[in-house]
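Notes for the one structure printed next.
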Amino acid sequence: MVLLESLVNGLIQGSIYALFAASFTIIFGVMDIPNMGHAALFAGGAYVFYQVTMLSGLPWPVGIVAAVVVIGALGAIVERGLLAPLYDRSESEYVFGVILLTLGLARIFERAFAQIWGHEPHSVSLAGLQRGSLEAFGVSVTTLELLVVVFSIANFAVLYWLINYTNTGLGLQAIVQDRDLARLKGVNVSRTFLVAFVLGSAMAAVAGVMNAAMFSLTPDMGASLLIKAFIVVILGGIGRVLGAAVAGYALGVYEAFAILYLSSYYIYASEFAILILFFLAKAVLLDEGEENLGAVLVDRVRGLRGVAR
Amino acid sequence: MALLEVNDLERTFGGIVALDGVTFDVASGETNVIIGPNGAGKTTLFNCITGYHIPDHGTVRFQGTDITSTPDYKTARTGIRRTFQEVDVFDELTVAENISLGAFESSPREMMELLDLLDIHDKEGSELTLFERKRVSLALASEGELLLLDEVFSGLNPTEKPAMVGYLDALAERKTLMLIEHDIETAFDLADTVTILAQGQVMKRGTPEEMLDDETVREDFLGEMAI
Amino acid sequence: MTRELLTVDDLHVSYGDMEVIRDADLNVPAGDVVAIVGANGAGKTTLLDAVAGVKAIDSGDVRFDGESIVGEEPFERIDRGLAYVPERHRIFPEMTVRNNLQTAMIPAADVSRDEQLDRVFDLFPILRDRQSQVAGTMSGGQQQMLAIAQGLVIDPDLIMFDEPTLGLAPKIVEDIRDTIVDISESGVTVLLVDEQIRMAKQVSDRMYLMRKNTLQYLGERGEFEDAYQNAVDQVLE
Amino acid sequence: MSTDTASGVAGEQIDGDLERIEWQSVARSVGITLVLGLLAIPLVSASSYVGYTALLVLVFAVMASGYNLMLGWPNLLVFCPAALAVIGGVTSALLVNVFGVPYLLAMLAGGVVAAVVGSLVALSAIAIGSSFEIIIATLAFEEIVYYLFTNWGAVGPTGISGIPAPAIGPVTFETQVAQYLFLLAVLTVAVAVVATFDRSLVGTLAVATSENEDLLRSIGYNPTRYKFVSVVVGALLLGVGGSLYAHVNGLITPGGFTLDQTVFLLVIAVVGGLRTVHGPIIGAIILVGLPEVVRTFGLSDMKPYIVGGMLIVVVLFLPRGVLGGLYDRLGNGGDRSWRFWR
Amino acid sequence: TGVLGGGGGGKIKLGAINPLSGAAAFYGELATETQTAWKNRINEDGGIDVDGTQREVSLVEYDDESNNSAARSAAKRLATVDNVAMILSSWRSTGAIAIAPIANDNEIPTFTHGFTPEVNEPGSYMMRMTVSTVMDAYPALRQVQQSDDIQNIGVIAETGDWGDDTLALMDWWFDQPDNDGGYTELGRFSFSQQDFSSYITKAKRAYNNDNIDAVYVQTWASAMQRFIQQQAREGLNEQMPILTGLGGADYNSIDEVGAAMDNVYALGVYTRLAYADNPAIAETLSEDALSQFEEYKGLDAPMHPTAFNVYADAQAARQGIAEAGSTEGSEIRDALVGTEITTLLGKTTINDRGQPAIPGSLIKFGADGDSAVVEDVAWSGQLPPITSIPPNVDL
Ligand SMILES: Nc1ncnc2c1ncn2[C@@H]1O[C@H](COP(=O)(O)OP(=O)(O)OP(=O)(O)O)[C@@H](O)[C@H]1O
Ligand SMILES: Nc1ncnc2c1ncn2[C@@H]1O[C@H](COP(=O)(O)OP(=O)(O)OP(=O)(O)O)[C@@H](O)[C@H]1O
Ligand SMILES: [Mg+2]
Ligand SMILES: [Mg+2]
């Protein structure tokens with residue numbers, strides 16, 4: 001009973017992580033852009049929705065469309081205007097550059113949201129979905145929570161299809177590996193990247209609306225989710241859409257159960273410890289496609305021992 | 001005693017058998033050329049000798065000591081140096097700096113003189129032409145006793161190849177060389193012995209003349225251009 | 001009169017202040033194999049890059065099948081049937097062999113994918129066996145085969161090879177040579193950059209020498225021997 | 001000698017001895033720091049507030065110098081400098097407060113403990129290998145340090161307060177000018193460490209690891225070693241910086257050393273110029289000083305725009321940071337490490 | 001322009017450190033607006049009477065970015081560059097620790113909202129009118145003691161200092177021989193927690209197993225609201241009361257929580273003012289407080305409990321300066337400590353450690369259709385100035 005309920009809680013919590021991570025996967029996981037401004041796009045979508053529905057009184061579908069369009073356009077401007085000039089840089093310059101630049105953007109956006117809409121939490125209503133609820137086996141979930149689960153799964157499904165079964169997805173993978181060669185092989189580099197970034201932004205906008213409807217709307221609404229999303233995407237394996245989905249839900253479920261059994265301070269600490277161990281284990285066991293575990297282990301241990309040389 | 005003794009080396013990658021029981025010796029001062037089809041395991045053999053990869057089975061002995069599982073940076077210090085199939089130099093360092101990093105005992109100047117690099121000593125790695133890069137990477141690799149050179153001629157044009165042969169001849173006076181090569185003509189010019197590797201196995205070893213005399217070798221491995 | 005499939009007129013290309021190609025004219029008749037030979041750094045790769053649309057040109061004209069393609073993006077040129085196999089087995093190292101081929105087919109809207117895959121797999125059976133291997137873990141020569149397959153898989157009208165036999169074993173070089181002859185016979189036009197020269201002589205119908213940034217016409221099939229010797233002398237002097 | 005003149009090649013450029021460090025150039029770097037630092041004293045003593053800001057600049061410059069060693073040379077994306085700094089700070093604060101250890105000893109102990117922890121971080125980061133996984137794993141490590149400290153009675157969420165000012169023997173650096181001089185001395189030592197590292201073979205090899213590990217291994221060097229040394233030395237400086245922070249402020253709270261602080265240090269290092277000896281100092285002046293300028297002009301409201309805008313401009317137009325950009329402009333490659341024998 | 005430091009004869013310079021950006025920015029903005037409204041009112045009235053001369057007030061405000069270092073530099077700047085007579089408000093606890101040495105060294109009386117035993121040392125220049133988390137829990141614990149239905153409570157608290165102190169208080173309280181009942185720790189969560197369903201599940205399990213009869217939740221307002229909403233959605237409110245403290249900080253958005261407030265006990269200190277229309281609540285407010293609140297309503301200041309509190313700080317500052325007849329920090333402090341201060345919150349005294357004894361009440365909410373209503377005042381009286389755990393004041 002409690003277990004079932006915790007499982008449901010975990011899945012819902014996981015869906016929230018997954019919801020945020022889904023749009024982040026394409027921008028960070030696939031396109032290799034560590035976008036620190038993603039939380040701002042997320043909140044921005046919700047603010048546009050708030051403006052259109054709660055302040056201007058238009059129906060909610062208009063709000064969704066407006067959020068998608070405005071944030072998608074914003075994404076396009078950011079990608080074309082600010083990120084594109086960095087693509088040719090060496091790896092470390094690129095990573096630092098993108099992190100700092102999007103951090104700067106995040107500051108600007110957060111401040112702008114606060115100045116326009118205030119710091120106080122707003123509540124938004126999404127077609128009254130918060131109210132309706134379903135009950136089965138003594139566990140109740142709201143319609144909105146269900147929708148969030150469905151939406152995040154649908155997001156991942158679309159992404160999975162897009163990355164693995166479409167030209168755009170193939171092109172994306174190619175660009176990330178070797179931009180010049182991708183162009184030479186006829187991938188429309190600027191369009192593909194633009195499309196993907198805009199798609200990621202638009203997905204973030206819708207996710208933001210849902211998150212705001214579930215909880216409340218503040219300028220820094222996505223901040224705490226951003227780091228989880230980083231974890232989820234990397235845990236799932238860069239570029240692996242399904243991996244990110246699984247990691248998102250795993251994290252949610254882990255937290256839900258950890259609350260039941262672990263002294264609460266250690267939930268997050270243990271989460272992070274597990275994460276580090278996971279990376280270490282993965283590095284040792286699955287060394288870039290090598291399947292000879294023994295040899296890899298020996299290699300690694302030797303590499304470390306070499307320090308003392 | 002042979003300088004290098006390779007005994008029954010095996011290495012697989014997943015289901016792919018790259019080396020399948022390779023055994024041979026290289027005597028000190030000898031220039032040994034390894035030829036064979038693409039994917040035969042030549043590069044993997046170099047990787048296993050240097051310790052870049054650890055073989056699944058078999059041993060590598062250098063100057064009588066077992067170095068099978070010695071990591072690559074240590075084998076480099078004991079006297080086995082190599083070049084990579086993808087020519088590599090440090091792009092952000094100048095030629096002189098590159099070579100100073102590679103040289104432990106001998107003087108960088110000597111090496112640069114030998115390889116005609118003095119004139120370009122202050123060009124950065126990223127500014128070099130292919131031939132220059134090849135020479136710098138050769139210089140980086142030339143400190144050891146035994147030099148493993150992976151396709152040093154590939155991509156060089158007909159005027160550059162003879163020059164490269166000249167450099168290698170000069171090196172061969174002092175060092176033991178193993179070359180992986182697809183350019184049969186040039187390679188056989190240099191070779192004291194030739195090893196044919198195919199499907200991870202040593203097919204035949206012998207002098208260049210013996211190879212050219214062998215009908216099946218000619219047909220299967222040398223191609224008509226070598227004739 | 002044969003139709004000129006590719007024409008380059010008065011082409012100038014530079015890197016920064018350095019002019020790498022000066023006043024180059026090139027005619028590639030449909031169905032022929034045209035070879036360009038020349039020393040390292042002469043500008044051959046740059047010429048192909050310019051024709052493929054990955055390197056911007058300073059001035060001049062590039063026409064494909066009669067139409068100017070200057071300013072077009074590479075994907076537009078590929079869609080016209082212009083394939084390019086760049087030098088030194090440039091492939092996508094972290095993708096599988098199959099995905100490498102699929103990626104190459106993205107801009108070629110009208111080819112039948114499975115058929116094309118089958119065709120290149122027949123040409124390079126090793127690639128069929130290694131379809132799901134991560135391309136970067138293949139041997140150098142295998143990667144070169146993949147690079148060539150990437151060019152062929154779009155069923156082009158004109159294919160440009162930049163040193164296609166680099167790093168390939170002699171037997172495979174012969175296979176590639178035969179392949180070039182085969183595809184040429186099936187109507188595909190080939191523009192070949194080769195340093196080995198020997199192969200260029202064997203397969204080409206027309207030959208150019210790239211020397212000190214200029215392109216010099218060496219002659220038609222049958223006239224090569226003298227012209228070639230001349231050219232080599234010039235290079236060596 | 002005659003061949004030299006004949007081919008126009010100076011002997012030193014070619015026969016450079018990698019094991020030999022050019023102390024002259026190290027001394028130059030240190031000298032510049034010291035002279036400019038001393039020249040600024042009138043500013044410090046004239047206004048106590050400028051002086052206070054100057055102390056912060058020096059403290060952050062020490063920390064960022066340490067961080068720069070990890071980021072700039074081997075390009076290891078270690079994301080837990082704040083954790084290493086707080087470890088140093090807490091160690092030194094507890095040693096002084098609880099055990100009455102003399103400050104200088106406590107400061108060194110802070111550095112050493114941070115370095116020991118840093119060595120574990122380094123080994124893990126090297127084993128993990130992939131950049132983004134290193135980022136997340138080290139971020140996670142930072143969180144763990146935060147949880148452990150907030151949960152540990154001796155520190156707790158409100159941290160340690162009432163930490164005495166730095167002192168050497170009987171001399172306590174109470175006044176701002178005194179503290180400034182002490183911090184300047186420590187920073188000078190830090191600059192000496194970084195410059196020596198930079199001009200040494202180890203530093204050059206650390207750079208080489210970021211370029212091509214396989215090639216490095218093939219010529220007999222173990223990249224692990226040079227990455228390791230960079231991180232450990234960096235951690236040492238971070239620990240010392242954390243100790244300075246604790247004793248200058250009299251307070252250290254775990255909450256002040258989380259992601260925000262890490263990002264702040266990252267921004268200082270990158271804005272100043274990665275892989276430059278003086279970059280972190282320039283970065284600290286800009287990033288600690290900027291908010292004060294903003295305040296002075298009554299633009300507090302605009303600060304996020306100003307800081308955000310500055311980050312964007314730096315990234316777009318000065319990718320190698322202010323100092324790196326300056327060196328590029330001057331065209332002399334500045335103190336790029338591998339120019340070690342020029 | 002004649003603006004000299006606190007000691008001169010021109011305007012009285014007061015400093016303000018408010019979080020205008022970062023996590024607590026919402027409160028910082030409220031503070032700014034309220035302080036500005038207060039200052040304008042004072043200056044319209046001719047200023048503060050300092051030893052016979054009417055002097056106007058000027059405010060120097062800095063953003064602490066919700067961050068300790070920034071708070072510290074701001075305090076330093078106010079103390080050394082601006083030479084202010086007093087500093088008003090700093091939202092956060094660790095921020096208060098960061099600025100305490102500066103306030104003390106420079107003898108600048110500082111009103112802070114942070115709960116921090118560390119700064120509440122004898123002779124401290126750091127003072128406050130706000131209730132602390134520990135004081136927060138006090139009426140709830142009294143309620144547990146008095147109620148027959150509630151014996152054991154489940155406690156859910158933030159990770160961090162406030163949560164720690166809450167748990168410490170619980171330990172101490174239930175250890176006292178006179179206090180029966182007990183508590184179970186149900187979990188800690190971070191400040192930015194959005195989803196509480198797992199905690200509620202855990203509480204529900206404890207409730208169903210008869211281990212607890214109510215939950216006590218310690219957190220800030222927005223998170224509290226989410227908690228209440230989620231618990232109501234689980235249909236749990238009717239059975240299991242939520243006790244919460246929070247000084248009643250901002251249940252002004254109760255409209256948004258609506259009927260979910262059913263069966264919630266919340267401590268009202270400044271919130272009460274928002275329900276002053278309710279006769280039961282009005283009972284708990286003094287005449288002075290009510291009339292001052294009427295005055296407040298005439299200002300252009302936010303109708304928000306946090307704003308009421310900021311205003312009370314400012315009122316206290318005014319009283320201190322006027323009574324001291326000086327802008328000397330030490331004299332203002334002497335005038336403030338131990339004196340009865342009248343603000344819109346009622347009559348308050350601040351002890352030598354800077355801790356207030358302040359009136360408050362525990363309000364029990366119920367539901368009326370879709371909206372929440374005040375059902376009952378469960379407790380009313382003076383909250384003791386708890387300065388340490390165990391409290392050195394008899395509760
Ligand atoms: N890391 C790896 N993972 C998987 N397979 C590998 C790996 N390295 C090599 N192989 C496979 O092992 C075989 C031998 O490769 P190797 O590179 O040694 O060939 P080679 O003889 O050097 O060929 P070439 O002449 O083309 O360079 C090939 O089939 C190759 O695909
Ligand atoms: N990206 C670049 N930036 C600057 N100069 C370049 C660049 N690429 C090539 N060059 C220069 O342009 C000239 C022509 O180079 P290109 O690669 O076209 O010659 P190539 O004939 O293909 O030579 P190879 O036989 O070595 O392939 C060379 O001098 C080269 O240094
Ligand atoms: Mg090979
Ligand atoms: Mg070329």
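Residue numbering restarts at 1 for every chain of the structure tokens, chains are lettered A, B, ... in their displayed order, and ligands are numbered from 1 as they appear.
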Problem - Contacts of segment 66-72 of chain D within 8 Å, only C-alpha atoms, excl. fewer than 2 positions in-chain, as a PyMOL selection string - result: chain D and resi 62-64+74-78+81+194+227+230-231+233-238+265-266+269+274-276+280
Exercise for the section: Find the residues near Gly220 of chain D: any atom within 9 Å, counting only C-alpha atoms, skip ones fewer than 4 places away on the same chain, and give them as a PyMOL selection string. Expected result: (chain B and resi 72-78+81+102) or (chain D and resi 215-216)
Can you pull out every residue within 12 Å of Thr7 of chain C, counting only C-alpha atoms, but drop anything in the same chain fewer than 3 positions away, and send it as a CSV table (one decimal) with N, CA and C atoms, in the first residue's frame?
```csv
chain,number,residue,atom,x,y,z
C,3,ARG,N,28.9,16.4,-73.4
C,3,ARG,CA,28.3,17.4,-72.5
C,3,ARG,C,29.3,17.6,-71.3
C,4,GLU,N,29.6,18.9,-71.0
C,4,GLU,CA,30.4,19.1,-69.8
C,4,GLU,C,29.5,19.1,-68.5
C,10,ASP,N,37.9,30.3,-64.3
C,10,ASP,CA,38.6,31.5,-63.7
C,10,ASP,C,38.4,31.5,-62.2
C,11,LEU,N,38.6,30.4,-61.5
C,11,LEU,CA,38.4,30.3,-60.1
C,11,LEU,C,39.5,30.9,-59.3
C,24,ALA,N,41.8,29.2,-62.0
C,24,ALA,CA,41.7,27.8,-62.4
C,24,ALA,C,40.6,27.5,-63.4
C,25,ASP,N,40.8,26.8,-64.5
C,25,ASP,CA,39.8,26.4,-65.4
C,25,ASP,C,39.8,24.9,-65.4
C,26,LEU,N,38.6,24.3,-65.3
C,26,LEU,CA,38.5,22.8,-65.3
C,26,LEU,C,37.3,22.4,-66.0
C,27,ASN,N,37.4,21.4,-66.9
C,27,ASN,CA,36.2,20.9,-67.6
C,27,ASN,C,36.1,19.4,-67.4
C,28,VAL,N,35.0,18.9,-66.9
C,28,VAL,CA,34.8,17.5,-66.6
C,28,VAL,C,33.6,17.0,-67.5
C,29,PRO,N,33.9,16.3,-68.6
C,29,PRO,CA,32.9,15.9,-69.5
C,29,PRO,C,32.1,14.8,-68.8
C,30,ALA,N,30.8,14.7,-69.0
C,30,ALA,CA,29.9,13.7,-68.4
C,30,ALA,C,30.4,12.3,-68.8
C,34,VAL,N,38.2,12.2,-64.8
C,34,VAL,CA,39.2,13.2,-64.9
C,34,VAL,C,40.0,13.2,-63.7
C,51,VAL,N,34.5,23.2,-55.1
C,51,VAL,CA,33.4,22.7,-55.9
C,51,VAL,C,32.3,22.1,-55.1
C,60,GLY,N,35.0,33.8,-59.8
C,60,GLY,CA,35.0,32.7,-60.7
C,60,GLY,C,33.6,32.0,-60.7
C,61,ASP,N,33.5,31.0,-61.6
C,61,ASP,CA,32.2,30.4,-61.7
C,61,ASP,C,32.4,28.8,-61.6
C,62,VAL,N,31.5,28.2,-61.0
C,62,VAL,CA,31.4,26.7,-61.0
C,62,VAL,C,30.0,26.3,-61.5
C,63,ARG,N,30.0,25.6,-62.6
C,63,ARG,CA,28.7,25.2,-63.2
C,63,ARG,C,28.6,23.7,-63.1
C,64,PHE,N,27.4,23.2,-62.7
C,64,PHE,CA,27.2,21.8,-62.7
C,64,PHE,C,26.0,21.6,-63.7
C,65,ASP,N,26.3,20.7,-64.6
C,65,ASP,CA,25.2,20.4,-65.6
C,65,ASP,C,24.6,21.7,-66.2
C,66,GLY,N,25.5,22.7,-66.5
C,66,GLY,CA,25.1,23.9,-67.1
C,66,GLY,C,24.7,25.0,-66.2
C,67,GLU,N,24.3,24.7,-65.0
C,67,GLU,CA,23.9,25.7,-64.1
C,67,GLU,C,24.9,26.1,-63.1
C,68,SER,N,25.0,27.4,-62.8
C,68,SER,CA,26.0,27.9,-61.8
C,68,SER,C,25.5,27.4,-60.4
C,69,ILE,N,26.5,26.9,-59.7
C,69,ILE,CA,26.1,26.4,-58.3
C,69,ILE,C,26.9,27.3,-57.3
C,70,VAL,N,27.5,28.3,-57.7
C,70,VAL,CA,28.2,29.2,-56.8
C,70,VAL,C,27.2,29.7,-55.7
C,158,LEU,N,28.1,12.8,-60.4
C,158,LEU,CA,29.5,13.1,-60.4
C,158,LEU,C,30.1,12.8,-59.0
C,191,LEU,N,35.7,12.7,-60.7
C,191,LEU,CA,36.8,13.6,-60.6
C,191,LEU,C,37.7,13.1,-59.5
```
10 Å from ligand 2 is the threshold here; counting only C-alpha atoms and all ligand atoms, which polymer residues fall inside it? Answer as an mmCIF file with C-alpha atoms, in the first residue's frame.
```cif
data_model
loop_
_atom_site.group_PDB
_atom_site.id
_atom_site.type_symbol
_atom_site.label_atom_id
_atom_site.label_comp_id
_atom_site.auth_asym_id
_atom_site.auth_seq_id
_atom_site.Cartn_x
_atom_site.Cartn_y
_atom_site.Cartn_z
ATOM 1 C CA SER B 126 49.106 23.300 -36.362
ATOM 2 C CA GLU B 127 50.873 25.197 -39.156
ATOM 3 C CA LEU B 128 52.822 22.249 -40.508
ATOM 4 C CA THR B 129 52.318 20.478 -43.809
ATOM 5 C CA LEU B 130 51.711 16.764 -43.774
ATOM 6 C CA PHE B 131 55.308 15.953 -44.590
ATOM 7 C CA GLY B 155 49.944 10.568 -48.203
ATOM 8 C CA LEU B 156 53.451 11.559 -49.241
ATOM 9 C CA ASN B 157 53.964 12.442 -52.859
ATOM 10 C CA VAL C 13 40.220 30.806 -53.757
ATOM 11 C CA SER C 14 42.221 31.991 -50.777
ATOM 12 C CA TYR C 15 42.803 31.346 -47.108
ATOM 13 C CA GLY C 16 42.969 34.711 -45.461
ATOM 14 C CA ASP C 17 45.497 36.725 -47.444
ATOM 15 C CA MET C 18 47.036 33.691 -49.074
ATOM 16 C CA GLU C 19 45.708 32.923 -52.521
ATOM 17 C CA VAL C 20 45.663 29.161 -52.822
ATOM 18 C CA ILE C 21 44.016 28.804 -56.207
ATOM 19 C CA ILE C 36 44.084 15.998 -60.990
ATOM 20 C CA VAL C 37 47.625 15.329 -59.868
ATOM 21 C CA GLY C 38 50.074 17.558 -58.098
ATOM 22 C CA ALA C 39 52.375 18.068 -55.155
ATOM 23 C CA ASN C 40 51.341 18.367 -51.526
ATOM 24 C CA GLY C 41 49.881 21.697 -50.708
ATOM 25 C CA ALA C 42 49.314 22.584 -54.326
ATOM 26 C CA GLY C 43 45.651 23.284 -53.719
ATOM 27 C CA LYS C 44 43.922 20.151 -54.973
ATOM 28 C CA THR C 45 41.877 19.624 -51.855
ATOM 29 C CA THR C 46 40.976 23.265 -51.813
ATOM 30 C CA LEU C 47 39.698 23.005 -55.357
ATOM 31 C CA LEU C 48 37.462 20.069 -54.516
ATOM 32 C CA ASP C 49 36.273 21.811 -51.363
ATOM 33 C CA ALA C 50 35.311 24.815 -53.442
ATOM 34 C CA LYS C 55 35.022 26.420 -49.075
ATOM 35 C CA PRO C 86 37.155 13.924 -48.750
ATOM 36 C CA GLU C 87 40.747 12.972 -48.077
ATOM 37 C CA ARG C 88 42.003 10.941 -45.147
ATOM 38 C CA ASP C 162 40.360 13.060 -52.849
ATOM 39 C CA GLU C 163 43.152 10.520 -52.619
ATOM 40 C CA VAL C 193 42.630 13.674 -57.050
ATOM 41 C CA ASP C 194 45.521 11.322 -56.676
ATOM 42 C CA GLU C 195 49.082 11.589 -55.656
ATOM 43 C CA MET C 210 47.899 21.358 -60.084
ATOM 44 C CA ARG C 211 51.060 23.236 -59.506
ATOM 45 C CA LYS C 212 51.818 26.283 -57.433
ATOM 46 C CA ASN C 213 48.154 27.179 -57.178
#
```
Practice task
Once DSSP has gone over the backbone, tell me which residues of segment 59-92 of chain B are in strand (DSSP E or B), as a ChimeraX atom specification.
Solution key: /B:59-62,65-66,80-82
Exercise for the section: Using backbone DSSP assignments, extract all helix (DSSP H, G or I) residues from segment 68-120 of chain C; output them as a PyMOL selection string. Expected result: chain C and resi 74-80+97-104+113-120
Using only C-alpha atoms, which residues of chain E come within 8 Å of chain D, and what is the closest atom pair for each, with the distance in Å to one decimal? Give it as JSON lines, sorted by chain and residue number.
```
{"residue": "E:Leu20", "atom": "CA", "partner": "D:Asp301", "partner_atom": "CA", "distance": 7.8}
{"residue": "E:Tyr62", "atom": "CA", "partner": "D:Ser300", "partner_atom": "CA", "distance": 7.3}
{"residue": "E:Asp63", "atom": "CA", "partner": "D:Ser300", "partner_atom": "CA", "distance": 6.7}
{"residue": "E:Asn67", "atom": "CA", "partner": "D:Gly256", "partner_atom": "CA", "distance": 7.5}
{"residue": "E:Asn68", "atom": "CA", "partner": "D:Gly256", "partner_atom": "CA", "distance": 6.7}
{"residue": "E:Ser69", "atom": "CA", "partner": "D:Gly256", "partner_atom": "CA", "distance": 7.7}
{"residue": "E:Ser73", "atom": "CA", "partner": "D:Thr53", "partner_atom": "CA", "distance": 7.8}
{"residue": "E:Lys76", "atom": "CA", "partner": "D:Tyr49", "partner_atom": "CA", "distance": 7.0}
{"residue": "E:Arg77", "atom": "CA", "partner": "D:Tyr49", "partner_atom": "CA", "distance": 6.1}
{"residue": "E:Thr80", "atom": "CA", "partner": "D:Tyr49", "partner_atom": "CA", "distance": 6.2}
{"residue": "E:Val81", "atom": "CA", "partner": "D:Tyr49", "partner_atom": "CA", "distance": 6.4}
{"residue": "E:Thr94", "atom": "CA", "partner": "D:Thr158", "partner_atom": "CA", "distance": 6.0}
{"residue": "E:Ile97", "atom": "CA", "partner": "D:Thr158", "partner_atom": "CA", "distance": 7.7}
{"residue": "E:Ala98", "atom": "CA", "partner": "D:Leu251", "partner_atom": "CA", "distance": 6.9}
{"residue": "E:Gly160", "atom": "CA", "partner": "D:Pro157", "partner_atom": "CA", "distance": 5.5}
{"residue": "E:Asp161", "atom": "CA", "partner": "D:Pro157", "partner_atom": "CA", "distance": 5.3}
```
Residue subset to file, keeping N, CA and C atoms, as a short mmCIF file (atom, residue, chain, number, x, y, z; two decimals), in the first residue's frame:
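So part16.cif came out as:
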```
data_model
loop_
_atom_site.label_atom_id
_atom_site.label_comp_id
_atom_site.auth_asym_id
_atom_site.auth_seq_id
_atom_site.Cartn_x
_atom_site.Cartn_y
_atom_site.Cartn_z
N LEU E 20 17.19 42.01 -2.94
CA LEU E 20 16.40 42.44 -4.10
C LEU E 20 16.52 41.46 -5.26
N TYR E 62 20.90 48.68 0.07
CA TYR E 62 21.73 47.80 -0.76
C TYR E 62 21.09 46.43 -0.90
N ASP E 63 21.36 45.83 -2.03
CA ASP E 63 20.86 44.49 -2.32
C ASP E 63 21.84 43.47 -1.73
N ASN E 67 22.59 36.57 -0.39
CA ASN E 67 23.89 35.89 -0.30
C ASN E 67 24.76 36.56 0.76
N ASN E 68 25.42 35.72 1.56
CA ASN E 68 26.12 36.22 2.74
C ASN E 68 27.20 37.23 2.45
N SER E 69 28.03 36.91 1.45
CA SER E 69 29.16 37.80 1.18
C SER E 69 28.65 39.17 0.80
N SER E 73 29.39 42.72 2.59
CA SER E 73 29.95 43.92 1.98
C SER E 73 28.99 45.08 2.11
N LYS E 76 29.26 46.43 5.52
CA LYS E 76 30.54 47.12 5.65
C LYS E 76 30.46 48.50 5.02
N ARG E 77 29.84 48.51 3.87
CA ARG E 77 29.75 49.78 3.15
C ARG E 77 28.87 50.77 3.92
N THR E 80 31.00 51.92 6.93
CA THR E 80 32.23 52.69 6.75
C THR E 80 32.12 53.82 5.74
N VAL E 81 31.33 53.63 4.72
CA VAL E 81 31.22 54.69 3.71
C VAL E 81 30.04 55.59 4.01
N THR E 94 21.79 33.35 7.93
CA THR E 94 23.24 33.33 7.83
C THR E 94 23.73 34.70 7.40
N ILE E 97 24.29 36.48 10.52
CA ILE E 97 25.58 36.11 11.14
C ILE E 97 26.70 36.85 10.45
N ALA E 98 26.59 36.95 9.14
CA ALA E 98 27.66 37.58 8.39
C ALA E 98 27.79 39.05 8.74
N GLY E 160 18.67 22.50 7.17
CA GLY E 160 19.26 23.80 7.43
C GLY E 160 19.01 24.23 8.86
N ASP E 161 19.47 25.42 9.19
CA ASP E 161 19.49 25.85 10.58
C ASP E 161 18.11 25.92 11.22
#
```
Fill in the blank from the handout: From atom CA of Lys228 of chain A to atom CA of Ile144 of chain D the spacing works out at 14.7 Å
Practice task
Would you work out the distance separating atom CA of Ala114 of chain D from atom CA of Ala167 of chain D, expressed in Å to one decimal?
Solution key: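 Between these atoms lies a distance of 20.8 Å.
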Handout entry: Spatial neighbours of Ser286 of chain E, max dist 12 Å, only C-alpha atoms, sep filter under 2 positions, as a ChimeraX atom specification
Key = /E:272-273,276,281-284,288-293,342-348,358-360,380-382
